[in-house]
Amino acid sequence: MNEIEAYRQFSKILNKLQPYSIELGLDRVKAVLKNLGNPQNNFQSIVVGGTNGKGSVCQFLTDAFIDAGLNVGTYTSPHLIQINERFKMNNKPISYSLLLEYANYLKSKIDRAQLTYFEFLTVLAFLVFSRLGVDIAILEVGMGGEFDAVNTTNPILSILTHISLDHKEYLGNTHKEITKTKMKIIRALGVIGKNSKIVTNTIKTNTKARLFFVDDNYLKKAKEINAKMQGLALKENLATAMLAIDVLNNEYGFNLDYDSFKKSFWQGRFEVIHSGKKIFILDGAHNINAALKLVSSLKNYREEKLLIFSALKHKDWKNVLKILIPHFNKIILTSLSQHKLSENPINIKTYIKNKKVSIANNTNEAIERFLKEKENIAVITGSLYLIGEAKASPINIDFLP
């Protein structure tokens with residue numbers, strides 16, 4: 001079977017699941033894993049949770065372990081273009097043929113409605129990584145921590161990046177409530193990224209695990225590394241990964257090196273694309289903290305800028321826009337063609353005042369409009385799903401005007 005047909009059949013299996021379904025609790029997942037022989041216990045794992053920066057930290061650690069000669073499985077979400085981006089072996093997406101083989105096997109072992117979409121994909125990752133014999137798996141928490149399917153593992157290290165208010169309908173309305181949920185991924189050892197005092201104090205007082213916190217020294221060292229990835233948020237994530245490496249080397253004798261970070265790349269996080277005379281800056285900022293860091297990172301770009309924006313209905317897009325709007329000359333709004341929870345751009349336009357705002361039918365049209373404008377810089381942000389649609393557009397073609 002070729003990869004195209006494998007992709008089609010794999011998609012059919014997933015389409016029968018509910019991609020937006022969230023059912024809190026781990027009993028279903030644990031029961032399935034037990035029936036499968038607990039494949040998540042066949043390799044060492046590192047779990048990365050938090051609100052912002054999880055994906056880039058996963059990438060930093062993946063590159064360090066690969067350079068140290070280990071076989072590394074990486075599981076992240078969401079994907080930007082192809083769903084097999086979520087499952088990687090030594091930085092290469094797993095083939096659809098292998099994913100289909102194990103998806104069929106998993107489907108035969110469970111009741112039709114036993115797992116949600118994300119739970120199914122997580123268990124699938126465990127099965128595939130076990131089959132491939134990875135030495136270590138870097139696993140990104142999807143949402144929260146306590147009831148996330150990834151939290152069925154027993155990680156050698158748990159990492160929490162910056163924690164902010166997101167998914168309040170599931171995780172709580174305050175930083176303290178959300179932190180208590182997210183910190184449940186911590187077992188024996190925890191590395192904590194730069195956070196507010198309320199977050200760090202909540203973690204300190206609610207766990208007996210050994211904890212390591214990013215301090216100013218690590219932030220300074222991160223700024224000194226000439227990493228491929230740029231932006232204020234990424235430097236903070238780099239500091240978190242540096243501390244994680246020191247802990248892993250000291251506690252487990254890994255031979256990991258900071259130099260691996262210099263080549264690391266994570267799509268859609270202050271990703272700068274030069275296309276002809278135009279510059280696209282892609283950033284998946286979808287909450288207040290991420291928007292603030294995006295604005296700080298844009299200070300080096302002094303030219304007039306245009307904003308291409310879209311968001312999901314349940315995200316805090318109004319407060320995100322309050323932060324972004326003063327920094328842009330024009331705004332083009334669009335909807336997300338591949339997501340049913342996309343906010344109607346008409347509603348967003350109604351909210352925005354005193355700005356030159358237009359609405360495009362889709363992401364490609366928004367980009368085409370920008371190419372005709374006088375501004376040379378377009379910042380595409382508001383949702384990782386928007387970043388995925390932009391990445392699938394022609395913006396990487398170097399002969400654009």
# chains A, B, ... in the order shown; residues from 1 in each chain; ligands from 1
$ residues_around --residues "Ala311 of chain A" --least-positions-apart "6" --cutoff "10 Å" --atoms "only C-alpha atoms" --output "ChimeraX atom specification"
/A:285-286,317-318,320,333-336,339,341-345,348,381-386
$ write_last_selection --atoms "C-alpha atoms" --output "PDB file, in the first residue's frame"
ATOM      1  CA  ALA A 285       0.148  33.341  19.814  1.00  0.00           C
ATOM      2  CA  HIS A 286      -3.402  32.680  21.041  1.00  0.00           C
ATOM      3  CA  TRP A 317      -9.047  36.781  21.200  1.00  0.00           C
ATOM      4  CA  LYS A 318     -10.423  40.137  22.374  1.00  0.00           C
ATOM      5  CA  VAL A 320      -5.084  39.287  22.504  1.00  0.00           C
ATOM      6  CA  LEU A 333      -9.160  39.080   9.183  1.00  0.00           C
ATOM      7  CA  THR A 334      -9.956  35.601   7.957  1.00  0.00           C
ATOM      8  CA  SER A 335     -11.628  32.426   9.152  1.00  0.00           C
ATOM      9  CA  LEU A 336     -10.067  29.008   9.592  1.00  0.00           C
ATOM     10  CA  HIS A 339     -11.738  24.254  11.953  1.00  0.00           C
ATOM     11  CA  LEU A 341     -14.739  26.394  15.983  1.00  0.00           C
ATOM     12  CA  SER A 342     -13.284  29.304  14.021  1.00  0.00           C
ATOM     13  CA  GLU A 343     -14.552  32.701  15.147  1.00  0.00           C
ATOM     14  CA  ASN A 344     -16.539  34.567  12.495  1.00  0.00           C
ATOM     15  CA  PRO A 345     -14.303  37.404  11.208  1.00  0.00           C
ATOM     16  CA  ILE A 348     -13.930  40.252  15.200  1.00  0.00           C
ATOM     17  CA  THR A 381      -1.033  35.104  14.310  1.00  0.00           C
ATOM     18  CA  GLY A 382      -3.998  34.281  16.548  1.00  0.00           C
ATOM     19  CA  SER A 383      -4.080  30.500  16.154  1.00  0.00           C
ATOM     20  CA  LEU A 384      -1.763  27.621  15.357  1.00  0.00           C
ATOM     21  CA  TYR A 385      -4.427  26.434  12.914  1.00  0.00           C
ATOM     22  CA  LEU A 386      -3.993  29.721  11.014  1.00  0.00           C
TER      23      LEU A 386
END
$ residues_around --residues "segment 264-269 of chain A" --least-positions-apart "3" --cutoff "7 Å" --atoms "only C-alpha atoms" --output "ChimeraX atom specification"
/A:56,59-60,63,228-229,261,282-284,387
$ residues_around --residues "Ile110 of chain A" --least-positions-apart "6" --cutoff "10 Å" --atoms "only C-alpha atoms" --output "list in words"
Arg28, Ala31, Val32, Asn35, Leu36 and Phe120 of chain A
$ select_by_dssp --residues "segment 69-225 of chain A" --states "helix (DSSP H, G or I)" --output "PyMOL selection string"
chain A and resi 83-86+96-109+117-132+149-152+168-171+175-185+197-205+216-224
$ closest_residue --among "A:Gly190, A:Phe43, A:Thr179, A:Asn201" --to "Phe126 of chain A" --atoms "only C-alpha atoms"
A:Phe43
$ closest_residue --among "A:Ile331, A:Ile395, A:Leu307, A:Leu232" --to "Lys278 of chain A" --atoms "only C-alpha atoms"
A:Ile395
$ residues_around --residues "Lys194 of chain A" --least-positions-apart "4" --cutoff "7 Å" --atoms "only C-alpha atoms" --output "PDB file with N, CA and C atoms, in the first residue's frame"
ATOM      1  N   HIS A 162       6.026  28.080  30.775  1.00  0.00           N
ATOM      2  CA  HIS A 162       5.238  29.175  31.338  1.00  0.00           C
ATOM      3  C   HIS A 162       3.766  28.779  31.426  1.00  0.00           C
ATOM      4  N   VAL A 214      14.041  27.723  36.596  1.00  0.00           N
ATOM      5  CA  VAL A 214      14.829  28.605  35.740  1.00  0.00           C
ATOM      6  C   VAL A 214      15.039  29.923  36.470  1.00  0.00           C
ATOM      7  N   GLU A 236      13.197  32.172  26.461  1.00  0.00           N
ATOM      8  CA  GLU A 236      12.776  31.644  27.763  1.00  0.00           C
ATOM      9  C   GLU A 236      12.627  30.120  27.698  1.00  0.00           C
TER      10      GLU A 236
END
$ residues_around --residues "segment 2-16 of chain A" --least-positions-apart "3" --cutoff "6 Å" --atoms "only C-alpha atoms" --output "PyMOL selection string"
chain A and resi 96-97+100
$ residues_around --residues "Val247 of chain A" --least-positions-apart "3" --cutoff "12 Å" --atoms "only C-alpha atoms" --output "number ranges by chain"
A: 156-159, 189-192, 210-214, 240-244, 250-257
$ write_last_selection --atoms "C-alpha atoms" --output "PDB file, in the first residue's frame"
ATOM      1  CA  ILE A 156      12.178  10.406  34.348  1.00  0.00           C
ATOM      2  CA  LEU A 157      11.682  14.175  34.184  1.00  0.00           C
ATOM      3  CA  SER A 158       8.628  16.419  34.024  1.00  0.00           C
ATOM      4  CA  ILE A 159       8.891  19.940  32.632  1.00  0.00           C
ATOM      5  CA  LEU A 189      11.890  15.429  39.262  1.00  0.00           C
ATOM      6  CA  GLY A 190      10.465  18.660  37.888  1.00  0.00           C
ATOM      7  CA  VAL A 191      11.970  21.502  35.857  1.00  0.00           C
ATOM      8  CA  ILE A 192       9.963  24.709  35.980  1.00  0.00           C
ATOM      9  CA  ARG A 210      12.587  17.650  43.709  1.00  0.00           C
ATOM     10  CA  LEU A 211      12.169  20.857  41.757  1.00  0.00           C
ATOM     11  CA  PHE A 212      14.536  22.950  39.642  1.00  0.00           C
ATOM     12  CA  PHE A 213      13.563  26.497  38.621  1.00  0.00           C
ATOM     13  CA  VAL A 214      14.829  28.605  35.740  1.00  0.00           C
ATOM     14  CA  THR A 240      14.082  25.885  30.347  1.00  0.00           C
ATOM     15  CA  ALA A 241      15.626  23.309  28.009  1.00  0.00           C
ATOM     16  CA  MET A 242      19.135  24.224  29.204  1.00  0.00           C
ATOM     17  CA  LEU A 243      18.153  23.640  32.820  1.00  0.00           C
ATOM     18  CA  ALA A 244      16.496  20.360  31.829  1.00  0.00           C
ATOM     19  CA  ASN A 250      23.558  15.310  36.592  1.00  0.00           C
ATOM     20  CA  GLU A 251      20.831  12.872  37.612  1.00  0.00           C
ATOM     21  CA  TYR A 252      21.059  10.241  34.877  1.00  0.00           C
ATOM     22  CA  GLY A 253      24.474  10.648  33.304  1.00  0.00           C
ATOM     23  CA  PHE A 254      23.273  11.633  29.843  1.00  0.00           C
ATOM     24  CA  ASN A 255      25.865  13.305  27.657  1.00  0.00           C
ATOM     25  CA  LEU A 256      23.692  16.139  26.378  1.00  0.00           C
ATOM     26  CA  ASP A 257      25.099  19.412  25.048  1.00  0.00           C
TER      27      ASP A 257
END
$ atom_distance --atom1 "atom CA of Ala360 of chain A" --atom2 "atom CA of Ala291 of chain A"
22.2 Å
$ residues_around --residues "Ser297 of chain A" --least-positions-apart "4" --cutoff "9 Å" --atoms "only C-alpha atoms" --output "list in words"
Gln230, Gly231, Leu232, Ala233, Phe270, Leu292, Lys293 and Tyr301 of chain A
$ closest_residue --among "A:Ser260, A:Thr116, A:Ser164, A:Ser275" --to "Gly49 of chain A" --atoms "only C-alpha atoms"
A:Ser164
$ atom_distance --atom1 "atom CA of Ile308 of chain A" --atom2 "atom CA of Lys54 of chain A"
23.9 Å
$ closest_residue --among "A:Lys330, A:Leu17, A:Asn90, A:Phe129" --to "Val357 of chain A" --atoms "only C-alpha atoms"
A:Lys330
$ closest_residue --among "A:Gly145, A:Leu324, A:Gly55, A:Met183" --to "Leu80 of chain A" --atoms "only C-alpha atoms"
A:Gly55
$ select_by_dssp --residues "segment 128-283 of chain A" --states "strand (DSSP E)" --output "ChimeraX atom specification"
/A:136-140,157-160,189-192,210-213,271-275,278-283
